[in-house]
$ cat start-v8.txt   # compact mmCIF, N, CA, C and O atoms
# COMPACT_ATOMS: atom_id res chain seq x y z
N MET X 1 80.43 -2.77 -26.97
CA MET X 1 81.67 -2.60 -27.68
C MET X 1 81.59 -3.27 -29.04
O MET X 1 81.07 -4.37 -29.17
N ILE X 2 82.11 -2.60 -30.05
CA ILE X 2 82.17 -3.15 -31.40
C ILE X 2 83.63 -3.37 -31.74
O ILE X 2 84.47 -2.49 -31.56
N ALA X 3 83.95 -4.54 -32.24
CA ALA X 3 85.30 -4.84 -32.70
C ALA X 3 85.23 -5.19 -34.17
O ALA X 3 84.29 -5.83 -34.62
N LEU X 4 86.25 -4.75 -34.95
CA LEU X 4 86.30 -5.05 -36.37
C LEU X 4 87.49 -5.92 -36.66
O LEU X 4 88.55 -5.77 -36.05
N ALA X 5 87.34 -6.83 -37.61
CA ALA X 5 88.44 -7.69 -38.03
C ALA X 5 88.51 -7.68 -39.55
O ALA X 5 87.48 -7.75 -40.23
N LEU X 6 89.70 -7.61 -40.08
CA LEU X 6 89.92 -7.58 -41.52
C LEU X 6 90.40 -8.94 -41.99
O LEU X 6 91.32 -9.51 -41.41
N THR X 7 89.76 -9.47 -43.04
CA THR X 7 90.21 -10.70 -43.67
C THR X 7 90.17 -10.50 -45.18
O THR X 7 89.65 -9.50 -45.66
N TYR X 8 90.69 -11.47 -45.93
CA TYR X 8 90.61 -11.38 -47.39
C TYR X 8 89.18 -11.52 -47.88
O TYR X 8 88.88 -11.23 -49.02
N CYS X 9 88.27 -11.96 -47.02
CA CYS X 9 86.87 -12.11 -47.39
C CYS X 9 86.04 -10.92 -46.95
O CYS X 9 84.81 -10.97 -46.96
N GLY X 10 86.65 -9.85 -46.49
CA GLY X 10 85.90 -8.67 -46.12
C GLY X 10 86.21 -8.17 -44.73
O GLY X 10 87.16 -8.59 -44.08
N LEU X 11 85.37 -7.27 -44.28
CA LEU X 11 85.49 -6.66 -42.96
C LEU X 11 84.39 -7.24 -42.08
O LEU X 11 83.22 -7.20 -42.45
N TRP X 12 84.77 -7.77 -40.93
CA TRP X 12 83.83 -8.44 -40.02
C TRP X 12 83.65 -7.60 -38.77
O TRP X 12 84.59 -6.95 -38.32
N ARG X 13 82.46 -7.64 -38.21
CA ARG X 13 82.16 -6.91 -36.99
C ARG X 13 81.73 -7.89 -35.90
O ARG X 13 80.92 -8.78 -36.13
N TYR X 14 82.30 -7.73 -34.71
CA TYR X 14 81.91 -8.50 -33.54
C TYR X 14 81.24 -7.54 -32.58
O TYR X 14 81.81 -6.53 -32.18
N ASN X 15 79.99 -7.83 -32.22
CA ASN X 15 79.21 -6.96 -31.36
C ASN X 15 78.35 -7.82 -30.44
O ASN X 15 77.39 -8.44 -30.89
N ASP X 16 78.68 -7.86 -29.15
CA ASP X 16 77.88 -8.59 -28.16
C ASP X 16 77.59 -10.03 -28.59
O ASP X 16 76.44 -10.45 -28.68
N SER X 17 78.60 -10.79 -28.90
CA SER X 17 78.56 -12.20 -29.28
C SER X 17 77.98 -12.46 -30.66
O SER X 17 77.73 -13.60 -31.02
N THR X 18 77.75 -11.42 -31.47
CA THR X 18 77.29 -11.59 -32.84
C THR X 18 78.41 -11.23 -33.79
O THR X 18 79.04 -10.18 -33.66
N VAL X 19 78.67 -12.09 -34.77
CA VAL X 19 79.69 -11.84 -35.77
C VAL X 19 78.99 -11.63 -37.11
O VAL X 19 78.18 -12.44 -37.52
N THR X 20 79.31 -10.50 -37.75
CA THR X 20 78.68 -10.15 -39.02
C THR X 20 79.74 -9.72 -40.01
O THR X 20 80.61 -8.92 -39.69
N ASN X 21 79.65 -10.24 -41.23
CA ASN X 21 80.51 -9.77 -42.31
C ASN X 21 79.72 -8.70 -43.05
O ASN X 21 78.75 -8.99 -43.72
N PHE X 22 80.13 -7.42 -42.91
CA PHE X 22 79.35 -6.39 -43.58
C PHE X 22 80.00 -5.84 -44.84
O PHE X 22 79.46 -4.96 -45.48
N THR X 23 81.14 -6.38 -45.25
CA THR X 23 81.66 -6.16 -46.59
C THR X 23 81.96 -7.53 -47.17
O THR X 23 82.73 -8.29 -46.60
N LEU X 24 81.35 -7.83 -48.25
CA LEU X 24 81.48 -9.18 -48.82
C LEU X 24 82.64 -9.29 -49.79
O LEU X 24 82.91 -10.36 -50.31
N ASN X 25 83.33 -8.20 -50.04
CA ASN X 25 84.39 -8.18 -51.03
C ASN X 25 85.76 -8.00 -50.37
O ASN X 25 85.86 -7.69 -49.20
N PHE X 26 86.78 -8.16 -51.17
CA PHE X 26 88.16 -8.00 -50.70
C PHE X 26 88.37 -6.61 -50.10
O PHE X 26 87.93 -5.61 -50.65
N VAL X 27 89.05 -6.55 -48.96
CA VAL X 27 89.42 -5.30 -48.30
C VAL X 27 90.94 -5.31 -48.13
O VAL X 27 91.50 -6.25 -47.59
N GLY X 28 91.59 -4.24 -48.60
CA GLY X 28 93.04 -4.16 -48.51
C GLY X 28 93.53 -3.42 -47.28
O GLY X 28 94.40 -3.89 -46.57
N TYR X 29 92.99 -2.24 -47.03
CA TYR X 29 93.42 -1.40 -45.92
C TYR X 29 92.20 -0.91 -45.15
O TYR X 29 91.15 -0.67 -45.72
N VAL X 30 92.37 -0.73 -43.85
CA VAL X 30 91.32 -0.19 -42.99
C VAL X 30 91.92 0.93 -42.17
O VAL X 30 93.04 0.82 -41.67
N TYR X 31 91.16 2.03 -42.02
CA TYR X 31 91.62 3.16 -41.22
C TYR X 31 90.43 3.74 -40.47
O TYR X 31 89.36 3.94 -41.06
N GLU X 32 90.59 4.01 -39.18
CA GLU X 32 89.55 4.67 -38.39
C GLU X 32 89.97 6.12 -38.17
O GLU X 32 91.04 6.39 -37.62
N ASP X 33 89.12 7.06 -38.62
CA ASP X 33 89.46 8.47 -38.43
C ASP X 33 89.07 8.94 -37.03
O ASP X 33 88.49 8.18 -36.25
N LYS X 34 89.39 10.21 -36.72
CA LYS X 34 89.15 10.70 -35.36
C LYS X 34 87.67 10.84 -35.02
O LYS X 34 87.31 10.96 -33.86
N LYS X 35 86.78 10.77 -36.02
CA LYS X 35 85.34 10.79 -35.78
C LYS X 35 84.76 9.39 -35.58
O LYS X 35 83.58 9.24 -35.31
N GLY X 36 85.59 8.37 -35.77
CA GLY X 36 85.15 6.99 -35.62
C GLY X 36 84.64 6.36 -36.91
O GLY X 36 84.18 5.23 -36.90
N ASN X 37 84.74 7.09 -38.03
CA ASN X 37 84.37 6.52 -39.32
C ASN X 37 85.43 5.51 -39.74
O ASN X 37 86.61 5.67 -39.43
N ILE X 38 85.00 4.49 -40.45
CA ILE X 38 85.92 3.46 -40.94
C ILE X 38 86.10 3.65 -42.44
O ILE X 38 85.12 3.67 -43.20
N TRP X 39 87.34 3.80 -42.86
CA TRP X 39 87.70 3.95 -44.27
C TRP X 39 88.34 2.65 -44.72
O TRP X 39 89.19 2.10 -44.01
N ILE X 40 87.95 2.16 -45.89
CA ILE X 40 88.56 0.94 -46.41
C ILE X 40 88.95 1.13 -47.87
O ILE X 40 88.35 1.91 -48.59
N SER X 41 89.97 0.40 -48.26
CA SER X 41 90.30 0.28 -49.67
C SER X 41 90.02 -1.16 -50.06
O SER X 41 90.19 -2.08 -49.26
N GLY X 42 89.55 -1.33 -51.26
CA GLY X 42 89.25 -2.68 -51.73
C GLY X 42 88.17 -2.65 -52.77
O GLY X 42 87.89 -1.62 -53.37
N ALA X 43 87.54 -3.80 -52.98
CA ALA X 43 86.51 -3.91 -54.00
C ALA X 43 85.28 -3.13 -53.59
O ALA X 43 84.91 -3.09 -52.42
N SER X 44 84.64 -2.50 -54.57
CA SER X 44 83.40 -1.76 -54.31
C SER X 44 82.29 -2.74 -53.97
O SER X 44 82.42 -3.95 -54.14
N GLU X 45 81.17 -2.21 -53.48
CA GLU X 45 80.04 -3.06 -53.13
C GLU X 45 79.54 -3.85 -54.33
O GLU X 45 79.05 -4.95 -54.20
N SER X 46 79.66 -3.28 -55.53
CA SER X 46 79.26 -4.01 -56.73
C SER X 46 80.30 -5.07 -57.09
O SER X 46 80.02 -5.97 -57.88
N GLY X 47 81.50 -4.95 -56.51
CA GLY X 47 82.53 -5.97 -56.67
C GLY X 47 83.36 -5.87 -57.92
O GLY X 47 84.28 -6.65 -58.11
N ASN X 48 83.07 -4.91 -58.80
CA ASN X 48 83.81 -4.88 -60.06
C ASN X 48 84.85 -3.77 -60.16
O ASN X 48 85.53 -3.66 -61.16
N LYS X 49 84.99 -2.94 -59.13
CA LYS X 49 86.00 -1.89 -59.14
C LYS X 49 86.65 -1.81 -57.76
O LYS X 49 86.04 -2.18 -56.77
N PHE X 50 87.87 -1.30 -57.74
CA PHE X 50 88.56 -1.08 -56.47
C PHE X 50 88.58 0.41 -56.18
O PHE X 50 88.57 1.23 -57.08
N GLY X 51 88.61 0.76 -54.90
CA GLY X 51 88.64 2.17 -54.56
C GLY X 51 88.61 2.40 -53.07
O GLY X 51 89.01 1.54 -52.28
N LEU X 52 88.12 3.58 -52.68
CA LEU X 52 88.07 4.02 -51.30
C LEU X 52 86.61 4.17 -50.88
O LEU X 52 85.83 4.80 -51.58
N SER X 53 86.26 3.60 -49.73
CA SER X 53 84.90 3.69 -49.21
C SER X 53 84.93 4.09 -47.74
O SER X 53 85.91 3.84 -47.04
N ARG X 54 83.82 4.72 -47.27
CA ARG X 54 83.72 5.15 -45.87
C ARG X 54 82.44 4.59 -45.25
O ARG X 54 81.37 4.68 -45.82
N TYR X 55 82.60 4.00 -44.05
CA TYR X 55 81.47 3.56 -43.24
C TYR X 55 81.35 4.54 -42.09
O TYR X 55 82.28 4.70 -41.31
N GLU X 56 80.21 5.23 -41.99
CA GLU X 56 80.04 6.23 -40.94
C GLU X 56 79.87 5.58 -39.57
O GLU X 56 79.16 4.59 -39.43
N GLU X 57 80.51 6.17 -38.59
CA GLU X 57 80.52 5.63 -37.22
C GLU X 57 79.11 5.43 -36.70
O GLU X 57 78.82 4.40 -36.08
N LYS X 58 78.20 6.35 -36.96
CA LYS X 58 76.85 6.25 -36.39
C LYS X 58 76.05 5.08 -36.95
O LYS X 58 75.04 4.70 -36.38
N PHE X 59 76.52 4.47 -38.05
CA PHE X 59 75.82 3.34 -38.65
C PHE X 59 76.55 2.01 -38.45
O PHE X 59 76.06 0.97 -38.91
N LEU X 60 77.69 2.01 -37.78
CA LEU X 60 78.47 0.78 -37.64
C LEU X 60 77.74 -0.32 -36.87
O LEU X 60 77.99 -1.49 -37.07
N SER X 61 76.84 0.06 -35.98
CA SER X 61 76.12 -0.96 -35.21
C SER X 61 74.89 -1.50 -35.95
O SER X 61 74.27 -2.44 -35.50
N HIS X 62 74.55 -0.91 -37.10
CA HIS X 62 73.43 -1.40 -37.89
C HIS X 62 73.78 -2.74 -38.54
O HIS X 62 74.96 -3.04 -38.77
N LYS X 63 72.76 -3.52 -38.84
CA LYS X 63 73.00 -4.83 -39.45
C LYS X 63 73.77 -4.69 -40.76
O LYS X 63 74.68 -5.44 -41.05
N LYS X 64 73.40 -3.72 -41.58
CA LYS X 64 74.11 -3.43 -42.83
C LYS X 64 74.48 -1.95 -42.81
O LYS X 64 73.69 -1.09 -43.18
N PRO X 65 75.68 -1.60 -42.33
CA PRO X 65 76.09 -0.19 -42.22
C PRO X 65 76.07 0.52 -43.57
O PRO X 65 76.33 -0.08 -44.61
N THR X 66 75.76 1.80 -43.54
CA THR X 66 75.76 2.63 -44.74
C THR X 66 77.19 2.84 -45.21
O THR X 66 78.07 3.18 -44.41
N VAL X 67 77.42 2.62 -46.49
CA VAL X 67 78.75 2.83 -47.07
C VAL X 67 78.66 3.91 -48.13
O VAL X 67 77.71 3.98 -48.89
N THR X 68 79.69 4.77 -48.17
CA THR X 68 79.81 5.79 -49.20
C THR X 68 81.06 5.48 -49.99
O THR X 68 82.16 5.43 -49.41
N GLU X 69 80.91 5.25 -51.29
CA GLU X 69 82.07 5.01 -52.14
C GLU X 69 82.64 6.36 -52.56
O GLU X 69 81.97 7.15 -53.21
N ILE X 70 83.87 6.65 -52.14
CA ILE X 70 84.51 7.94 -52.36
C ILE X 70 85.22 7.98 -53.71
O ILE X 70 85.11 8.93 -54.45
N ALA X 71 85.97 6.94 -54.03
CA ALA X 71 86.73 6.90 -55.28
C ALA X 71 86.69 5.48 -55.82
O ALA X 71 86.67 4.52 -55.06
N GLN X 72 86.69 5.37 -57.14
CA GLN X 72 86.71 4.06 -57.78
C GLN X 72 87.88 3.97 -58.74
O GLN X 72 88.49 4.97 -59.10
N SER X 73 88.18 2.76 -59.14
CA SER X 73 89.24 2.46 -60.11
C SER X 73 90.62 2.85 -59.61
O SER X 73 91.47 3.27 -60.39
N LEU X 74 90.84 2.75 -58.31
CA LEU X 74 92.15 3.03 -57.74
C LEU X 74 92.61 1.83 -56.92
O LEU X 74 91.85 1.30 -56.13
N ASN X 75 93.83 1.40 -57.13
CA ASN X 75 94.43 0.36 -56.29
C ASN X 75 95.21 1.06 -55.21
O ASN X 75 96.29 1.59 -55.45
N LEU X 76 94.66 1.08 -54.01
CA LEU X 76 95.23 1.88 -52.93
C LEU X 76 96.25 1.11 -52.09
O LEU X 76 96.14 -0.10 -51.93
N PHE X 77 97.21 1.88 -51.53
CA PHE X 77 98.26 1.30 -50.71
C PHE X 77 98.32 1.84 -49.31
O PHE X 77 99.18 1.48 -48.55
N GLY X 78 97.44 2.70 -48.94
CA GLY X 78 97.45 3.22 -47.58
C GLY X 78 96.45 4.35 -47.44
O GLY X 78 96.07 4.99 -48.41
N ILE X 79 96.01 4.57 -46.20
CA ILE X 79 95.04 5.61 -45.89
C ILE X 79 95.49 6.27 -44.59
O ILE X 79 95.81 5.59 -43.62
N LEU X 80 95.52 7.60 -44.56
CA LEU X 80 95.87 8.36 -43.36
C LEU X 80 95.00 9.61 -43.27
O LEU X 80 94.53 10.12 -44.28
N GLU X 81 94.84 10.11 -42.05
CA GLU X 81 94.10 11.34 -41.83
C GLU X 81 95.06 12.45 -41.43
O GLU X 81 95.91 12.27 -40.55
N ALA X 82 94.93 13.62 -42.05
CA ALA X 82 95.73 14.79 -41.70
C ALA X 82 95.10 15.51 -40.52
O ALA X 82 93.95 15.25 -40.16
N THR X 83 95.84 16.42 -39.91
CA THR X 83 95.32 17.14 -38.75
C THR X 83 94.10 17.99 -39.09
O THR X 83 93.29 18.28 -38.21
N ASP X 84 93.92 18.36 -40.36
CA ASP X 84 92.75 19.14 -40.77
C ASP X 84 91.53 18.26 -41.06
O ASP X 84 90.48 18.76 -41.43
N GLY X 85 91.68 16.94 -40.89
CA GLY X 85 90.57 16.01 -41.11
C GLY X 85 90.49 15.46 -42.52
O GLY X 85 89.67 14.59 -42.80
N SER X 86 91.33 15.96 -43.42
CA SER X 86 91.32 15.42 -44.79
C SER X 86 91.92 14.01 -44.77
O SER X 86 92.74 13.68 -43.91
N ILE X 87 91.48 13.20 -45.71
CA ILE X 87 91.96 11.82 -45.82
C ILE X 87 92.91 11.74 -47.01
O ILE X 87 92.58 12.15 -48.13
N TRP X 88 94.09 11.22 -46.76
CA TRP X 88 95.12 11.04 -47.79
C TRP X 88 95.23 9.56 -48.08
O TRP X 88 95.17 8.73 -47.18
N PHE X 89 95.41 9.23 -49.35
CA PHE X 89 95.60 7.83 -49.72
C PHE X 89 96.54 7.72 -50.91
O PHE X 89 96.60 8.60 -51.76
N GLY X 90 97.32 6.65 -50.89
CA GLY X 90 98.27 6.39 -51.95
C GLY X 90 97.75 5.31 -52.87
O GLY X 90 97.05 4.40 -52.44
N ALA X 91 98.10 5.43 -54.15
CA ALA X 91 97.68 4.45 -55.16
C ALA X 91 98.87 4.15 -56.07
O ALA X 91 99.93 4.75 -55.93
N PHE X 92 98.66 3.22 -57.01
CA PHE X 92 99.72 2.89 -57.97
C PHE X 92 100.24 4.13 -58.67
O PHE X 92 101.41 4.24 -58.96
N ASP X 93 99.34 5.08 -58.96
CA ASP X 93 99.72 6.20 -59.80
C ASP X 93 99.94 7.51 -59.05
O ASP X 93 100.06 8.56 -59.67
N GLY X 94 99.97 7.51 -57.72
CA GLY X 94 100.25 8.74 -57.02
C GLY X 94 99.58 8.85 -55.66
O GLY X 94 99.10 7.87 -55.10
N VAL X 95 99.55 10.08 -55.15
CA VAL X 95 98.98 10.37 -53.84
C VAL X 95 97.75 11.25 -54.05
O VAL X 95 97.73 12.14 -54.90
N TYR X 96 96.72 11.01 -53.23
CA TYR X 96 95.46 11.73 -53.34
C TYR X 96 95.05 12.27 -51.97
O TYR X 96 95.39 11.70 -50.95
N ARG X 97 94.24 13.35 -52.00
CA ARG X 97 93.66 13.91 -50.78
C ARG X 97 92.17 14.08 -50.99
O ARG X 97 91.73 14.60 -52.01
N TYR X 98 91.38 13.65 -50.00
CA TYR X 98 89.93 13.85 -50.02
C TYR X 98 89.59 14.80 -48.89
O TYR X 98 89.85 14.49 -47.72
N ASP X 99 89.02 15.96 -49.19
CA ASP X 99 88.73 16.98 -48.18
C ASP X 99 87.29 16.94 -47.68
O ASP X 99 86.86 17.84 -46.97
N GLY X 100 86.55 15.93 -48.03
CA GLY X 100 85.15 15.83 -47.65
C GLY X 100 84.22 16.13 -48.81
O GLY X 100 83.03 15.83 -48.76
N HIS X 101 84.78 16.75 -49.85
CA HIS X 101 83.99 17.10 -51.04
C HIS X 101 84.70 16.74 -52.33
O HIS X 101 84.07 16.30 -53.28
N THR X 102 86.01 16.97 -52.37
CA THR X 102 86.77 16.85 -53.62
C THR X 102 87.99 15.96 -53.42
O THR X 102 88.64 16.02 -52.38
N ILE X 103 88.30 15.18 -54.44
CA ILE X 103 89.54 14.41 -54.46
C ILE X 103 90.55 15.19 -55.29
O ILE X 103 90.28 15.57 -56.43
N THR X 104 91.72 15.44 -54.71
CA THR X 104 92.80 16.12 -55.39
C THR X 104 93.94 15.13 -55.56
O THR X 104 94.31 14.44 -54.61
N ASP X 105 94.46 15.04 -56.80
CA ASP X 105 95.61 14.16 -56.98
C ASP X 105 96.87 15.01 -57.07
O ASP X 105 96.85 16.17 -57.43
N PHE X 106 97.97 14.40 -56.66
CA PHE X 106 99.25 15.08 -56.63
C PHE X 106 100.24 14.35 -57.55
O PHE X 106 101.40 14.20 -57.24
N LYS X 107 99.74 13.94 -58.73
CA LYS X 107 100.57 13.25 -59.70
C LYS X 107 101.43 14.21 -60.51
O LYS X 107 102.44 13.84 -61.03
N LYS X 108 100.98 15.44 -60.62
CA LYS X 108 101.66 16.40 -61.50
C LYS X 108 102.63 17.26 -60.74
O LYS X 108 102.51 17.55 -59.62

$ encode --input "start-v8.txt" --output "structure tokens"
Amino acid sequence: MIALALTYCGLWRYNDSTVTNFTLNFVGYVYEDKKGNIWISGASESGNKFGLSRYEEKFLSHKKPTVTEIAQSLNLFGILEATDGSIWFGAFDGVYRYDGHTITDFKK
């Protein structure tokens, strides 16, 4: 069993008595989609931008899970999954949808 914990110092994983911090930067929101992927908002791996990142379920048990940075330069306020599997997220400047390939904003 893998358990995740969110702190201001990142996202931590507990797995069979081992505790690992696999995001070293600030994390604001965490969401697990129906495929088991973990979506986070917060500082990018480089630490100089905020945005949306995804950790794939199949890599969560690895010592350093693979992360995909989906969007940068966004201060996010929430993450949700729609019934079609698209990921919706809110930011200071509006609402966005990620369909697996493209980010669409609904500011206009």

$ residues_around --input "start-v8.txt" --residues "segment 65-71 of chain X" --least-positions-apart "6" --cutoff "6 Å" --atoms "all atoms listed in the file" --output "VMD selection string"
chain X and resid 22 50 to 56 59

$ atom_distance --input "start-v8.txt" --atom1 "atom CA of Gly28 of chain X" --atom2 "atom CA of Ile87 of chain X"
16.2 Å

$ closest_residue --input "start-v8.txt" --among "X:Asn37, X:Ile103, X:Tyr29, X:Lys63" --to "Arg13 of chain X" --atoms "only C-alpha atoms"
X:Lys63

$ closest_residue --input "start-v8.txt" --among "X:Ser61, X:Ser86, X:Thr104, X:Ser41" --to "Leu74 of chain X" --atoms "all atoms listed in the file"
X:Ser41

$ residues_around --input "start-v8.txt" --residues "Tyr31 of chain X" --least-positions-apart "3" --cutoff "6 Å" --atoms "all atoms listed in the file" --output "JSON, numbers by chain"
{"X": [37, 38, 39, 40, 79]}

$ residues_near_point --input "start-v8.txt" --point "(98.2, 15.2, -55.4)" --cutoff "9 Å" --atoms "only C-alpha atoms" --output "PDB file with N, CA, C and O atoms, in the coordinates of the input"
ATOM      1  N   GLY X  94      99.970   7.510 -57.720  1.00  0.00           N
ATOM      2  CA  GLY X  94     100.250   8.740 -57.020  1.00  0.00           C
ATOM      3  C   GLY X  94      99.580   8.850 -55.660  1.00  0.00           C
ATOM      4  O   GLY X  94      99.100   7.870 -55.100  1.00  0.00           O
ATOM      5  N   VAL X  95      99.550  10.080 -55.150  1.00  0.00           N
ATOM      6  CA  VAL X  95      98.980  10.370 -53.840  1.00  0.00           C
ATOM      7  C   VAL X  95      97.750  11.250 -54.050  1.00  0.00           C
ATOM      8  O   VAL X  95      97.730  12.140 -54.900  1.00  0.00           O
ATOM      9  N   TYR X  96      96.720  11.010 -53.230  1.00  0.00           N
ATOM     10  CA  TYR X  96      95.460  11.730 -53.340  1.00  0.00           C
ATOM     11  C   TYR X  96      95.050  12.270 -51.970  1.00  0.00           C
ATOM     12  O   TYR X  96      95.390  11.700 -50.950  1.00  0.00           O
ATOM     13  N   ARG X  97      94.240  13.350 -52.000  1.00  0.00           N
ATOM     14  CA  ARG X  97      93.660  13.910 -50.780  1.00  0.00           C
ATOM     15  C   ARG X  97      92.170  14.080 -50.990  1.00  0.00           C
ATOM     16  O   ARG X  97      91.730  14.600 -52.010  1.00  0.00           O
ATOM     17  N   ILE X 103      88.300  15.180 -54.440  1.00  0.00           N
ATOM     18  CA  ILE X 103      89.540  14.410 -54.460  1.00  0.00           C
ATOM     19  C   ILE X 103      90.550  15.190 -55.290  1.00  0.00           C
ATOM     20  O   ILE X 103      90.280  15.570 -56.430  1.00  0.00           O
ATOM     21  N   THR X 104      91.720  15.440 -54.710  1.00  0.00           N
ATOM     22  CA  THR X 104      92.800  16.120 -55.390  1.00  0.00           C
ATOM     23  C   THR X 104      93.940  15.130 -55.560  1.00  0.00           C
ATOM     24  O   THR X 104      94.310  14.440 -54.610  1.00  0.00           O
ATOM     25  N   ASP X 105      94.460  15.040 -56.800  1.00  0.00           N
ATOM     26  CA  ASP X 105      95.610  14.160 -56.980  1.00  0.00           C
ATOM     27  C   ASP X 105      96.870  15.010 -57.070  1.00  0.00           C
ATOM     28  O   ASP X 105      96.850  16.170 -57.430  1.00  0.00           O
ATOM     29  N   PHE X 106      97.970  14.400 -56.660  1.00  0.00           N
ATOM     30  CA  PHE X 106      99.250  15.080 -56.630  1.00  0.00           C
ATOM     31  C   PHE X 106     100.240  14.350 -57.550  1.00  0.00           C
ATOM     32  O   PHE X 106     101.400  14.200 -57.240  1.00  0.00           O
ATOM     33  N   LYS X 107      99.740  13.940 -58.730  1.00  0.00           N
ATOM     34  CA  LYS X 107     100.570  13.250 -59.700  1.00  0.00           C
ATOM     35  C   LYS X 107     101.430  14.210 -60.510  1.00  0.00           C
ATOM     36  O   LYS X 107     102.440  13.840 -61.030  1.00  0.00           O
ATOM     37  N   LYS X 108     100.980  15.440 -60.620  1.00  0.00           N
ATOM     38  CA  LYS X 108     101.660  16.400 -61.500  1.00  0.00           C
ATOM     39  C   LYS X 108     102.630  17.260 -60.740  1.00  0.00           C
ATOM     40  O   LYS X 108     102.510  17.550 -59.620  1.00  0.00           O
TER      41      LYS X 108
END

$ closest_residue --input "start-v8.txt" --among "X:Trp12, X:Lys49, X:Asn21, X:Val30" --to "Lys64 of chain X" --atoms "all atoms listed in the file"
X:Asn21

$ atom_distance --input "start-v8.txt" --atom1 "atom CA of Asp16 of chain X" --atom2 "atom CA of Lys35 of chain X"
22.1 Å

$ atom_distance --input "start-v8.txt" --atom1 "atom C of Asp99 of chain X" --atom2 "atom CA of Leu80 of chain X"
12.9 Å

$ select_by_dssp --input "start-v8.txt" --residues "segment 44-73 of chain X" --states "strand (DSSP E)" --output "ChimeraX atom specification"
/X:50-55,67-72

$ closest_residue --input "start-v8.txt" --among "X:Leu11, X:Lys34, X:Thr18, X:His101" --to "Glu81 of chain X" --atoms "only C-alpha atoms"
X:Lys34

$ decode --input "start-v8.txt" --residues "segment 54-65 of chain X" --atoms "N, CA and C atoms" --output "tab-separated table (two decimals), in the first residue's frame"
chain	number	residue	atom	x	y	z
X	54	ARG	N	1.59	16.22	-13.27
X	54	ARG	CA	0.96	14.90	-13.12
X	54	ARG	C	2.04	13.86	-12.84
X	55	TYR	N	1.78	13.04	-11.81
X	55	TYR	CA	2.62	11.88	-11.50
X	55	TYR	C	1.83	10.65	-11.92
X	56	GLU	N	2.37	9.87	-12.85
X	56	GLU	CA	1.64	8.70	-13.34
X	56	GLU	C	1.62	7.58	-12.31
X	57	GLU	N	0.47	6.95	-12.19
X	57	GLU	CA	0.24	5.90	-11.19
X	57	GLU	C	1.29	4.80	-11.30
X	58	LYS	N	1.66	4.39	-12.49
X	58	LYS	CA	2.58	3.27	-12.65
X	58	LYS	C	3.98	3.58	-12.16
X	59	PHE	N	4.29	4.86	-11.92
X	59	PHE	CA	5.62	5.24	-11.43
X	59	PHE	C	5.62	5.70	-9.97
X	60	LEU	N	4.47	5.69	-9.31
X	60	LEU	CA	4.41	6.20	-7.94
X	60	LEU	C	5.25	5.40	-6.95
X	61	SER	N	5.48	4.13	-7.23
X	61	SER	CA	6.28	3.32	-6.31
X	61	SER	C	7.78	3.45	-6.57
X	62	HIS	N	8.17	4.14	-7.65
X	62	HIS	CA	9.58	4.36	-7.93
X	62	HIS	C	10.19	5.34	-6.93
X	63	LYS	N	11.49	5.24	-6.73
X	63	LYS	CA	12.15	6.14	-5.79
X	63	LYS	C	11.93	7.60	-6.16
X	64	LYS	N	12.04	7.92	-7.44
X	64	LYS	CA	11.76	9.27	-7.94
X	64	LYS	C	10.74	9.15	-9.06
X	65	PRO	N	9.44	9.26	-8.75
X	65	PRO	CA	8.39	9.09	-9.76
X	65	PRO	C	8.53	10.09	-10.91
